Each structure stands twice: as structure tokens, then as C-alpha cells.
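The structure file work_26.cif is reproduced below (mmCIF, C-alpha atoms).
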data_coords
loop_
_atom_site.label_atom_id
_atom_site.label_comp_id
_atom_site.auth_asym_id
_atom_site.auth_seq_id
_atom_site.Cartn_x
_atom_site.Cartn_y
_atom_site.Cartn_z
CA MET A 1 97.13 151.38 191.66
CA LEU A 2 100.76 152.04 192.54
CA ARG A 3 101.68 152.30 188.83
CA SER A 4 98.83 154.80 188.32
CA ALA A 5 100.06 156.95 191.18
CA GLN A 6 103.62 156.77 189.87
CA LEU A 7 102.45 157.83 186.41
CA ILE A 8 100.50 160.82 187.72
CA VAL A 9 103.33 161.92 190.00
CA GLY A 10 105.88 161.29 187.24
CA VAL A 11 103.99 163.33 184.66
CA GLY A 12 103.45 166.16 187.10
CA SER A 13 107.04 166.25 188.34
CA GLY A 14 108.40 166.01 184.80
CA ILE A 15 106.29 168.96 183.66
CA LEU A 16 107.25 171.00 186.73
CA MET A 17 110.96 170.22 186.38
CA PHE A 18 110.92 171.11 182.68
CA ALA A 19 108.88 174.29 183.28
CA LYS A 20 111.24 175.41 186.02
CA ALA A 21 114.33 174.79 183.90
CA TRP A 22 112.71 176.45 180.88
CA TRP A 23 111.86 179.59 182.91
CA MET A 24 115.44 179.78 184.16
CA LEU A 25 116.69 179.54 180.57
CA ARG A 26 114.97 182.78 179.68
CA SER A 27 116.96 184.95 182.03
CA LEU A 28 119.99 183.22 183.56
CA PRO A 29 123.53 182.68 182.26
CA HIS A 30 124.98 179.23 181.45
CA ARG A 31 122.14 178.64 179.03
CA GLU A 32 123.42 175.40 177.51
CA ARG A 33 123.97 173.79 180.92
CA LEU A 34 120.40 174.64 181.90
CA GLU A 35 119.07 173.38 178.56
CA ARG A 36 120.75 170.06 179.20
CA ALA A 37 119.31 169.94 182.72
CA ALA A 38 115.83 170.42 181.28
CA GLY A 39 116.48 167.73 178.67
CA ARG A 40 117.75 165.25 181.28
CA ALA A 41 114.66 165.91 183.40
CA LEU A 42 112.46 164.99 180.46
CA VAL A 43 114.52 161.87 179.66
CA ARG A 44 114.30 160.66 183.28
CA SER A 45 110.56 161.25 183.43
CA CYS A 46 109.86 159.52 180.12
CA SER A 47 112.13 156.56 180.98
CA ARG A 48 110.41 156.04 184.34
CA LEU A 49 106.91 156.35 182.91
CA GLY A 50 107.42 153.72 180.22
CA ALA A 51 106.94 152.88 176.57
CA THR A 52 104.14 155.25 175.62
CA PHE A 53 105.85 158.25 177.19
CA ILE A 54 109.20 157.31 175.68
CA LYS A 55 107.51 157.37 172.26
CA ILE A 56 106.32 160.91 172.96
CA GLY A 57 109.86 161.93 173.93
CA GLN A 58 111.25 160.28 170.79
CA ILE A 59 108.89 162.33 168.63
CA ALA A 60 110.11 165.52 170.32
CA SER A 61 113.72 164.41 169.76
CA THR A 62 113.33 164.70 165.96
CA ARG A 63 113.11 168.49 165.98
CA GLY A 64 116.54 169.90 166.77
CA ASP A 65 115.64 172.90 164.62
CA LEU A 66 112.78 173.82 166.98
CA LEU A 67 114.06 172.74 170.40
CA PRO A 68 116.99 174.34 172.27
CA ARG A 69 120.18 172.52 171.39
CA GLY A 70 120.83 171.12 174.87
CA VAL A 71 117.29 169.78 175.24
CA PHE A 72 117.39 168.24 171.75
CA GLU A 73 120.72 166.49 172.32
CA GLU A 74 119.64 165.04 175.68
CA LEU A 75 116.33 163.76 174.27
CA GLY A 76 118.35 161.84 171.68
CA ALA A 77 119.11 159.34 174.48
CA LEU A 78 115.54 158.07 174.13
CA GLN A 79 116.06 157.00 170.51
CA ASP A 80 118.08 153.83 171.05
CA ARG A 81 119.60 154.02 174.52
CA VAL A 82 116.68 153.05 176.75
CA PRO A 83 117.88 150.83 179.66
CA PRO A 84 117.89 147.15 178.53
CA PHE A 85 116.14 144.29 180.26
CA PRO A 86 118.24 141.32 181.50
CA TYR A 87 119.87 138.86 179.10
CA ALA A 88 118.25 135.90 180.89
CA GLU A 89 114.79 137.29 180.19
CA ALA A 90 115.66 137.73 176.50
CA ILE A 91 116.75 134.09 176.28
CA ALA A 92 113.62 132.90 178.11
CA THR A 93 111.38 134.84 175.70
CA ILE A 94 113.05 133.35 172.60
CA GLU A 95 112.89 129.78 173.93
CA ALA A 96 109.23 130.16 174.97
CA GLU A 97 108.35 131.58 171.54
CA PHE A 98 109.98 128.84 169.44
CA GLY A 99 110.11 125.90 171.85
CA LYS A 100 113.84 125.28 171.28
CA PRO A 101 117.06 126.22 173.11
CA VAL A 102 118.69 129.40 171.86
CA GLU A 103 121.92 127.54 171.02
CA VAL A 104 119.97 125.36 168.56
CA LEU A 105 118.51 128.41 166.79
CA PHE A 106 121.49 130.78 166.85
CA ASP A 107 125.27 130.83 167.09
CA ASP A 108 127.34 133.55 168.74
CA PHE A 109 124.32 135.15 170.44
CA GLU A 110 125.55 138.48 171.84
CA PRO A 111 124.49 138.88 175.49
CA LEU A 112 124.58 142.69 175.32
CA PRO A 113 121.86 144.25 173.14
CA VAL A 114 122.96 146.43 170.23
CA ALA A 115 119.88 148.62 170.81
CA ALA A 116 117.26 148.92 173.53
CA ALA A 117 114.05 150.80 172.85
CA SER A 118 110.76 151.42 174.61
CA VAL A 119 108.95 148.30 173.39
CA ALA A 120 111.76 145.84 172.59
CA GLN A 121 115.50 145.37 172.41
CA VAL A 122 117.75 143.95 169.71
CA HIS A 123 120.53 141.35 170.01
CA GLN A 124 122.99 140.30 167.30
CA ALA A 125 123.70 136.65 166.44
CA ARG A 126 124.33 134.25 163.56
CA LEU A 127 121.82 131.79 162.18
CA SER A 128 122.69 128.29 163.44
CA GLY A 129 125.34 126.67 161.27
CA ARG A 130 125.58 129.66 158.92
CA SER A 131 127.65 132.81 158.67
CA HIS A 132 124.60 135.01 158.21
CA GLN A 133 124.45 137.84 160.78
CA VAL A 134 120.95 138.60 162.07
CA ALA A 135 119.28 141.08 164.38
CA ILE A 136 116.85 139.53 166.88
CA LYS A 137 114.19 141.89 168.18
CA ILE A 138 112.69 140.74 171.50
CA LEU A 139 109.61 142.22 173.16
CA ARG A 140 110.02 143.54 176.70
CA PRO A 141 108.56 140.93 179.09
CA ASP A 142 106.21 143.24 181.04
CA ILE A 143 105.40 145.70 178.27
CA ILE A 144 101.77 144.70 177.59
CA GLN A 145 100.49 145.44 181.08
CA LYS A 146 102.41 148.72 181.27
CA VAL A 147 101.16 150.01 177.93
CA HIS A 148 97.54 149.20 178.80
CA LEU A 149 97.88 151.17 182.03
CA ASP A 150 99.61 154.04 180.22
CA ARG A 151 96.61 154.18 177.90
CA ALA A 152 94.15 154.47 180.78
CA ILE A 153 96.15 157.25 182.42
CA LEU A 154 96.66 159.22 179.19
CA LEU A 155 92.98 159.01 178.25
CA PHE A 156 91.99 160.14 181.75
CA MET A 157 94.37 163.09 181.45
CA GLY A 158 93.09 163.90 177.95
CA ARG A 159 89.45 163.93 179.04
CA ALA A 160 90.32 166.01 182.11
CA LEU A 161 92.21 168.56 180.03
CA GLU A 162 89.33 168.83 177.54
CA ARG A 163 86.95 169.57 180.42
CA LEU A 164 89.30 172.12 181.96
CA ILE A 165 90.18 173.74 178.61
CA PRO A 166 87.15 173.31 176.30
CA THR A 167 89.01 174.70 173.27
CA LEU A 168 91.19 171.55 173.30
CA ARG A 169 88.17 169.64 172.00
CA THR A 170 88.66 171.36 168.66
CA VAL A 171 92.06 169.70 168.21
CA SER A 172 90.58 166.26 169.06
CA LEU A 173 92.94 165.74 172.02
CA GLU A 174 91.23 162.66 173.41
CA GLU A 175 90.78 161.14 169.94
CA ALA A 176 94.43 161.85 169.08
CA ILE A 177 95.55 160.18 172.33
CA ARG A 178 93.29 157.18 171.64
CA SER A 179 94.69 156.81 168.09
CA PHE A 180 98.28 157.11 169.34
CA CYS A 181 97.71 154.49 172.06
CA ASP A 182 96.03 152.15 169.55
CA ALA A 183 99.10 152.46 167.34
CA VAL A 184 101.48 151.78 170.25
CA GLU A 185 99.48 148.69 171.23
CA GLU A 186 99.83 147.37 167.67
CA GLN A 187 103.57 147.08 168.38
CA LEU A 188 102.95 144.61 171.19
CA ASP A 189 102.57 141.76 168.68
CA LEU A 190 105.69 141.63 166.52
CA ARG A 191 103.80 139.71 163.84
CA ASN A 192 102.17 143.04 163.02
CA GLU A 193 105.60 144.55 162.43
CA ALA A 194 106.49 141.62 160.16
CA ARG A 195 103.37 142.30 158.06
CA ASN A 196 104.18 146.02 157.99
CA ASN A 197 107.72 145.24 156.86
CA LEU A 198 106.48 143.20 153.89
CA ARG A 199 103.95 145.87 152.93
CA PHE A 200 106.51 148.68 153.06
CA ALA A 201 108.99 146.62 151.03
CA ALA A 202 106.35 146.02 148.35
CA ASN A 203 105.36 149.71 148.30
CA PHE A 204 108.98 150.80 147.73
CA GLU A 205 110.30 147.95 145.59
CA ASP A 206 110.77 150.45 142.74
CA ASP A 207 112.89 152.86 144.82
CA PRO A 208 116.51 151.71 145.29
CA CYS A 209 117.18 154.55 147.74
CA VAL A 210 114.62 153.39 150.33
CA GLY A 211 115.08 150.00 151.98
CA PHE A 212 113.86 147.80 154.85
CA PRO A 213 115.45 144.87 156.74
CA VAL A 214 114.96 141.41 155.21
CA LEU A 215 112.94 139.09 157.49
CA HIS A 216 113.54 135.42 158.35
CA PRO A 217 109.89 134.26 158.59
CA THR A 218 110.48 130.95 160.37
CA LEU A 219 112.09 132.85 163.26
CA CYS A 220 109.41 135.52 163.55
CA GLY A 221 106.63 135.31 166.14
CA ALA A 222 104.48 137.40 168.45
CA ARG A 223 107.38 138.24 170.78
CA VAL A 224 110.47 137.73 168.59
CA LEU A 225 111.39 139.10 165.16
CA THR A 226 114.50 137.94 163.27
CA MET A 227 115.87 139.92 160.33
CA ASP A 228 119.12 140.57 158.49
CA PHE A 229 121.54 142.68 160.52
CA VAL A 230 121.89 146.03 158.77
CA VAL A 231 125.40 147.49 158.90
CA GLY A 232 124.64 151.15 158.34
CA THR A 233 125.55 154.60 159.59
CA HIS A 234 123.49 156.70 161.97
CA GLU A 235 122.78 160.30 161.12
CA ASN A 236 125.48 161.65 163.44
CA GLY A 237 128.11 159.58 161.59
CA LEU A 238 127.44 160.82 158.07
CA VAL A 239 130.49 162.11 156.20
CA ASP A 240 130.06 164.34 153.13
CA ALA A 241 132.88 162.63 151.24
CA GLU A 242 131.21 159.23 151.55
CA PHE A 243 127.52 160.12 151.40
CA ASP A 244 125.43 162.16 149.02
CA ILE A 245 123.60 164.21 151.65
CA HIS A 246 121.16 165.76 149.18
CA GLN A 247 120.23 162.34 147.85
CA LEU A 248 119.65 161.04 151.37
CA VAL A 249 117.41 163.98 152.33
CA GLU A 250 115.48 163.74 149.07
CA ALA A 251 115.01 159.99 149.62
CA GLY A 252 113.67 160.62 153.12
CA MET A 253 111.25 163.31 151.97
CA ARG A 254 110.19 161.19 149.00
CA ALA A 255 109.53 158.20 151.26
CA VAL A 256 107.32 160.20 153.63
CA CYS A 257 105.39 161.86 150.79
CA ARG A 258 104.75 158.54 149.05
CA MET A 259 103.57 157.02 152.33
CA ILE A 260 101.12 159.86 153.00
CA PHE A 261 99.86 160.87 149.57
CA LEU A 262 100.16 157.70 147.47
CA HIS A 263 100.13 154.63 149.75
CA GLY A 264 98.12 155.83 152.76
CA PHE A 265 100.43 153.66 154.90
CA VAL A 266 102.77 155.71 157.05
CA HIS A 267 105.76 154.84 159.26
CA ALA A 268 104.75 156.78 162.38
CA ASP A 269 107.97 156.37 164.37
CA LEU A 270 110.63 157.96 162.16
CA HIS A 271 113.02 159.36 164.73
CA PRO A 272 116.77 159.30 163.85
CA GLY A 273 117.33 156.11 165.87
CA ASN A 274 115.10 154.26 163.41
CA MET A 275 117.04 155.29 160.31
CA LEU A 276 120.34 153.95 158.99
CA PHE A 277 122.19 155.19 155.92
CA GLU A 278 124.30 153.37 153.37
CA PRO A 279 126.51 155.17 150.83
CA PRO A 280 126.10 156.95 148.63
CA GLY A 281 122.42 157.76 149.23
CA GLN A 282 120.30 154.90 150.58
CA ILE A 283 118.12 155.18 153.68
CA ILE A 284 117.10 152.04 155.60
CA LEU A 285 113.98 152.39 157.76
CA LEU A 286 113.80 150.28 160.92
CA ASP A 287 111.31 149.56 163.71
CA LEU A 288 108.19 149.29 161.58
CA GLY A 289 105.71 148.47 164.33
CA LEU A 290 104.14 151.92 164.73
CA VAL A 291 102.21 152.80 161.57
CA GLY A 292 99.19 154.82 160.58
CA GLU A 293 96.74 154.25 157.76
CA LEU A 294 94.87 156.92 155.82
CA THR A 295 91.72 156.29 153.85
CA ASP A 296 91.67 157.43 150.23
CA GLN A 297 89.45 160.30 151.34
CA ASP A 298 91.94 161.34 154.04
CA ARG A 299 94.81 161.29 151.55
CA VAL A 300 92.95 163.50 149.08
CA ARG A 301 91.79 165.92 151.78
CA THR A 302 95.33 166.27 153.11
CA ALA A 303 96.77 166.76 149.62
CA ARG A 304 94.20 169.45 148.81
CA MET A 305 94.88 171.33 152.02
CA LEU A 306 98.67 171.23 151.60
CA MET A 307 98.42 172.12 147.91
CA ALA A 308 96.31 175.17 148.81
CA LEU A 309 98.92 176.09 151.42
CA ALA A 310 101.79 175.61 148.95
CA THR A 311 100.09 177.74 146.25
CA GLY A 312 99.06 180.58 148.58
CA ASP A 313 95.32 179.84 148.40
CA GLY A 314 94.32 180.97 151.89
CA ALA A 315 90.58 180.70 151.21
CA GLY A 316 91.13 177.12 150.01
CA VAL A 317 93.03 176.22 153.20
CA ALA A 318 90.25 177.71 155.35
CA ARG A 319 87.54 175.94 153.38
CA SER A 320 89.36 172.59 153.48
CA PHE A 321 89.61 172.55 157.28
CA TYR A 322 86.06 173.84 157.72
CA GLU A 323 84.35 171.43 155.33
CA ASN A 324 86.23 168.37 156.58
CA ALA A 325 85.94 169.08 160.32
CA PRO A 326 84.13 166.39 162.35
CA HIS A 327 82.68 169.25 164.39
CA HIS A 328 82.67 173.03 164.12
CA ALA A 329 80.89 175.93 165.80
CA VAL A 330 82.21 178.96 163.93
CA ARG A 331 80.48 182.19 164.90
CA ASP A 332 82.12 184.39 162.27
CA TYR A 333 83.33 182.53 159.17
CA ALA A 334 84.52 185.72 157.47
CA THR A 335 86.88 186.51 160.37
CA TYR A 336 88.10 182.91 160.45
CA GLU A 337 88.79 182.94 156.71
CA ARG A 338 90.53 186.30 156.91
CA GLU A 339 92.91 185.08 159.65
CA VAL A 340 93.79 181.98 157.63
CA CYS A 341 94.31 184.08 154.49
CA GLU A 342 96.61 186.48 156.38
CA LEU A 343 98.65 183.56 157.69
CA VAL A 344 98.93 181.96 154.25
CA ALA A 345 99.88 185.33 152.72
CA ASP A 346 102.62 185.67 155.35
CA ILE A 347 103.90 182.22 154.46
CA THR A 348 103.84 183.02 150.73
CA SER A 349 105.70 186.29 151.25
CA LYS A 350 108.54 184.45 153.01
CA GLY A 351 108.79 181.83 150.28
CA LEU A 352 108.18 178.14 150.81
CA GLY A 353 111.89 177.44 151.03
CA GLN A 354 112.19 179.69 154.10
CA ILE A 355 109.39 178.23 156.22
CA GLN A 356 108.87 175.15 158.35
CA VAL A 357 105.70 173.52 157.08
CA THR A 358 104.87 171.71 160.32
CA LEU A 359 105.31 174.91 162.33
CA GLU A 360 102.93 176.74 159.99
CA ILE A 361 100.38 173.94 160.29
CA GLY A 362 100.65 174.42 164.05
CA ARG A 363 99.80 178.11 163.58
CA ILE A 364 96.77 177.09 161.52
CA PHE A 365 95.68 174.78 164.33
CA ASP A 366 95.78 177.78 166.69
CA ILE A 367 93.31 179.58 164.42
CA LEU A 368 91.09 176.48 164.28
CA ARG A 369 91.03 176.27 168.05
CA ARG A 370 90.07 179.94 168.45
CA HIS A 371 87.19 179.50 165.99
CA HIS A 372 86.01 176.15 167.40
CA ILE A 373 86.87 174.00 164.39
CA GLN A 374 87.89 170.42 165.13
CA ALA A 375 90.79 169.08 163.05
CA ARG A 376 90.53 165.50 161.81
CA SER A 377 92.61 163.14 163.92
CA HIS A 378 94.68 161.80 160.99
CA MET A 379 96.31 165.24 160.67
CA THR A 380 98.25 164.53 163.86
CA MET A 381 99.96 161.51 162.29
CA VAL A 382 100.53 163.32 158.98
CA ASN A 383 102.08 166.27 160.78
CA LEU A 384 104.38 163.98 162.81
CA ALA A 385 105.63 162.21 159.67
CA LEU A 386 106.21 165.49 157.84
CA MET A 387 107.84 166.91 160.96
CA THR A 388 110.38 164.09 161.02
CA ALA A 389 111.26 164.40 157.33
CA GLU A 390 111.47 168.16 157.57
CA GLY A 391 113.57 167.94 160.73
CA MET A 392 116.10 165.64 159.03
CA GLY A 393 116.24 168.01 156.06
CA LYS A 394 116.79 171.06 158.23
CA ARG A 395 119.60 169.32 160.09
CA LEU A 396 121.43 167.81 157.11
CA ALA A 397 120.65 170.07 154.13
CA PRO A 398 119.00 173.32 155.30
CA GLU A 399 119.45 174.87 151.85
CA LEU A 400 117.04 172.39 150.22
CA ASP A 401 113.44 173.51 149.58
CA LEU A 402 111.60 170.49 150.94
CA SER A 403 108.21 171.93 150.00
CA GLN A 404 109.19 171.68 146.34
CA GLU A 405 110.10 168.02 146.91
CA ALA A 406 106.55 167.40 148.14
CA LEU A 407 104.67 169.14 145.30
CA PRO A 408 104.90 166.32 142.71
CA TYR A 409 103.32 163.90 145.18
CA LEU A 410 100.54 166.33 146.06
CA THR A 411 99.87 166.77 142.34
CA GLU A 412 99.83 163.01 141.71
CA ALA A 413 97.46 162.36 144.63
CA LEU A 414 95.03 164.99 143.34
CA ARG A 415 95.28 163.77 139.75
CA ASN A 416 94.53 160.20 140.84
CA ALA A 417 91.53 161.45 142.84
CA ARG A 418 90.10 163.20 139.74
CA GLU A 419 90.61 160.10 137.62
CA ASP A 420 88.76 157.97 140.17
#
What does the file become when written as C-alpha cells?
Amino acid sequence: MLRSAQLIVGVGSGILMFAKAWWMLRSLPHRERLERAAGRALVRSCSRLGATFIKIGQIASTRGDLLPRGVFEELGALQDRVPPFPYAEAIATIEAEFGKPVEVLFDDFEPLPVAAASVAQVHQARLSGRSHQVAIKILRPDIIQKVHLDRAILLFMGRALERLIPTLRTVSLEEAIRSFCDAVEEQLDLRNEARNNLRFAANFEDDPCVGFPVLHPTLCGARVLTMDFVVGTHENGLVDAEFDIHQLVEAGMRAVCRMIFLHGFVHADLHPGNMLFEPPGQIILLDLGLVGELTDQDRVRTARMLMALATGDGAGVARSFYENAPHHAVRDYATYEREVCELVADITSKGLGQIQVTLEIGRIFDILRRHHIQARSHMTMVNLALMTAEGMGKRLAPELDLSQEALPYLTEALRNARED
């Protein structure tokens, strides 16, 4: 009960603090200082509320091109600098998982974690009697109970908001929250992440620019995951002379497009803290616990909609959302179609290289809401994955036309659908 009250008060105070700071930003001097105050307020609220809310903050932290600079930079603290849990609890978890003392399993176990995230933290060590450096991911001891309570609170809030604002039903708010919480709960058993790791590695075995950490299966369990320690560079440490920035961005966009349109198996937690880079152009994807799966039908529907958007077919975009909606109550289809066509024409006139695809999809969702058309819940996950790839591209190589990078994968998905 106390946790529930803390969550409700925390959410409310966080929103109020951010809203107050945001309003001040519009009219007062010292803009950057106020932006940072707003960002710190969000970080404090998310950190206090726990894993599920930290995930939400991490998603927001991927879009420096959309958020004010100060807010974006402060939210970056949620990516891999969440407060750690005590060393003694980490040791106790490992020994309970494998039934052996830590000193028998590992040498040179570092007491300070190299990363602490919302669900787990990572320590560095060597395999016993060997020189091999490994990263040991350890689940937070009290995380399961907290995430289950977070779920109950978020679903309550989602249902309440849908009753207060009926148009939110058309964007499947409660269903989107339920899907997100389901995905977060999947992370609470690290054996799921181990299976995801192997599946991703198999999906990308033909792409030398996209990699994943190598697991040590005998030291992987429900609460502990052991893998090779990846010595890579974070995004903020990239140097043009050492890295091929275009190759890195293209690899990131290619990875996301293959996940969505070809594999139907998507890394749903691609914030910068979960990416490392090795020269000249390899990207290593970490923290593979939060994933989403698309059915073949979902993949084809998404490819058709985005292809219609990319080719300026406004009527096709309107029809795709309408025909695939779980629920719709459109009173005037002609007006709905006209609004979508006008938006798509505006996008086409700017040129695909000058737009932000995820922002334009958000504008389409506004039209859907006004005309009482419910978007399918998988679009939330697709949009988040595209948002992350696009955000990285905008930050590192803004001159690249990322939409053109996506077109071959849209075409292949549609061609495969026709052949089936």
C-alpha cells in the first residue's frame, strides 16, 4: 500500500515539477539551466519510482533531436548510471544461483559495478583460473515485486485516463501499457535474455557490422548472466578519425529494419547506454532482455503502411490504418482520408531526407485519434525502435537520408509477402 501511494505521489509530483519547469522555459532567461532542472526532476522521479518508469525515461533519452538539450543530457543519466545495489547482495545472488562460492567461480571480481541499470547491474571479473574477462549481469534482489506493483499502478492509470479522455482509447493506451509491462516482466528471468541473445546472434550471423556479447552458458541462470566483457566505445566517445560514422549509422538503421521487417524480433530497449561501438564500423547491442515480436501479418502491414508513406501514397496510408484497426468509428471517411493525404503531401514536399519519420507517424496518430481509429498495439514498439535508430542517425550523421536506408527492407518484406 505504501509503495502504491509513493508511486501515485511520485508520478504526480514528477509531472507537476516537469510541467512547471517547462512553462518557465517558454518565457524566462537562463533557458539551459531551467532545462537541466526539468531533466533532473524527471530523473529523480523515474529513479524513485523504479524499473518500469526508468525504462520510460530511457526511451525518452534517445531523442536529443526532439527534446531540449538540457533535458536530453540529464535524462542520459538513466541509461547506465542508476544507483547500484550493495556488493554483498550481488555476491549472495550469485552464490544462491550456482550453489558455489564466488571465489570458486570467478577471479578478480570487481566490487564496484561497471554499469547499473533499472533491472540489473553488471560486474567485471575473470573466469576462475583463466585470463578471460567476463561481464556478470545480476538481477536486482527486490525487482520482481516492484515491477509487479508498477504494472498494477500503470494499468490503473491507463484505464483511468481512457475513461477521462475517451479519445485515448483509439491509441490503445491500456493495451500499449499492458504490452510494455509484459515485456519488462520478461526481463525478470535472465534465461529469457540468454535465449534472445542466441536468437539475435543467429539472425545477424551474416552481418559483420552488428554483434552481440558471447555467452558462457554454464554460468547463466534465472538471476545471473555471464558473457564476454565487451571493450567498446560509447556514443559520446566516438572519434571521426577512428570510426566510420556513416558505416555505424547505416549498421544501426539496417539492424532495426531487419528486426522489424524481416525477422519480426525486435530489440525494444535500444537507448545509447545499450550500444557499444568498435572501429571502424561495428555496433555491439547489449541488454537483450526487452524484446518485441511481430507476427508475419504485422510485419507486412507495417511495411505496407511505411512504403505508402515513403512513396507519397496518402490514400494508401489512410486505408492501411483503417483496414487494420482493431476498432474504428469513423463518421466521415472522406474527411479522414483527406487529412491523411494532406499530411503525406506535406511530408513529400519536404523530401524524405528532411523529415523525422517517427514525428510524422505521431502526427498521423493525432488524425487517427480525432477520427476514432484505434492503432494496432505493435505500432508502439515499431515506432520506438525506429525512433531510436533515427535519433542516433540525427545525432551522429544528420546529413544521411535514413528513409532511403529503410526502403530496401520494406521492399523485401513486401516481396516476400507476395511470394508467400
**OP:** Name the residues in contact with Val102 (chain A) at a cut-off of 12 Å, using all atoms listed in the file, excluding same-chain residues fewer than 4 positions from it; report them as a PyMOL selection string.
**Re:** chain A and resi 87-88+90-98+106-111+125-128+136+219
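The closest residue to Val382 (chain A), picked from A:Ile347, A:Leu309, A:Val147, A:Val256 and counting all atoms listed in the file, is A:Val256.
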Original post:
Looking at all atoms listed in the file, which of A:Ile361, A:Gly312, A:Val134, A:Leu396 is the one that sits closest to Asp244 (chain A)?
Top reply: A:Leu396
**OP:** Can you work out the spacing between CA of Gln404 (chain A) and CA of Ser349 (chain A) in Å, to one decimal?
**Re:**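 Straight-line distance from CA of Gln404 (chain A) to CA of Ser349 (chain A) works out to 15.8 Å.
Here CA of Gly289 (chain A) stands at a distance of 8.0 Å from CA of Val184 (chain A).
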**OP:** Decode the PyMOL selection byres ((chain A and resi 263) around 10) for the given file into explicit residues and return them as number ranges by chain.
**Re:** A: 200, 203-204, 256-262, 264-266, 293-296, 299, 413
With the file shown as input, list the residues that the PyMOL selection byres ((chain A and resi 235) around 9) selects, as a CSV table (one decimal) with C-alpha atoms, keeping the file's coordinate frame.
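Resulting contents of result10.csv:
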chain,number,residue,atom,x,y,z
A,233,THR,CA,125.6,154.6,159.6
A,234,HIS,CA,123.5,156.7,162.0
A,236,ASN,CA,125.5,161.6,163.4
A,237,GLY,CA,128.1,159.6,161.6
A,238,LEU,CA,127.4,160.8,158.1
A,272,PRO,CA,116.8,159.3,163.8
A,273,GLY,CA,117.3,156.1,165.9
A,275,MET,CA,117.0,155.3,160.3
A,276,LEU,CA,120.3,154.0,159.0
A,277,PHE,CA,122.2,155.2,155.9
A,392,MET,CA,116.1,165.6,159.0
A,396,LEU,CA,121.4,167.8,157.1
**OP:** Using all atoms listed in the file, find the one residue out of A:Pro83, A:Gly281, A:Gly314, A:Gly292 that sits nearest to Asn196 (chain A).
**Re:**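 Using all atoms listed in the file, the shortest distance to Asn196 (chain A) belongs to A:Gly292.
Across the model, the gap from CA of Asp313 (chain A) to CA of Val344 (chain A) is 7.2 Å.
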Subject >> Neighbour list for Ile143 (chain A) as a list of chain:residue names, cut-off 12 Å, only C-alpha atoms, skip fewer than 4 positions in-chain >> reply: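 Everything that qualifies: A:Leu49, A:Gly50, A:Ala51, A:Thr52, A:Phe85, A:Ala117, A:Ser118, A:Val119, A:Ala120, A:Gln121, A:Ile138, A:Leu139, A:Val147, A:His148, A:Leu149, A:Asp150, A:Val184, A:Glu185, A:Gln187, A:Leu188, A:Asp189, A:Arg223.
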Original post:
Which is closest to Gln247 (chain A) among A:Leu384, A:Ala202, A:Val214, A:Leu400, if we use only C-alpha atoms?
Top reply: A:Leu400
**OP:** Please provide as a PyMOL selection string all residues within 10 Å of Leu248 (chain A), with the sequence filter that same-chain residues fewer than 2 positions apart are discarded (counting all atoms listed in the file).
**Re:** chain A and resi 209-210+243-246+250-254+277-283+392-393+396-397
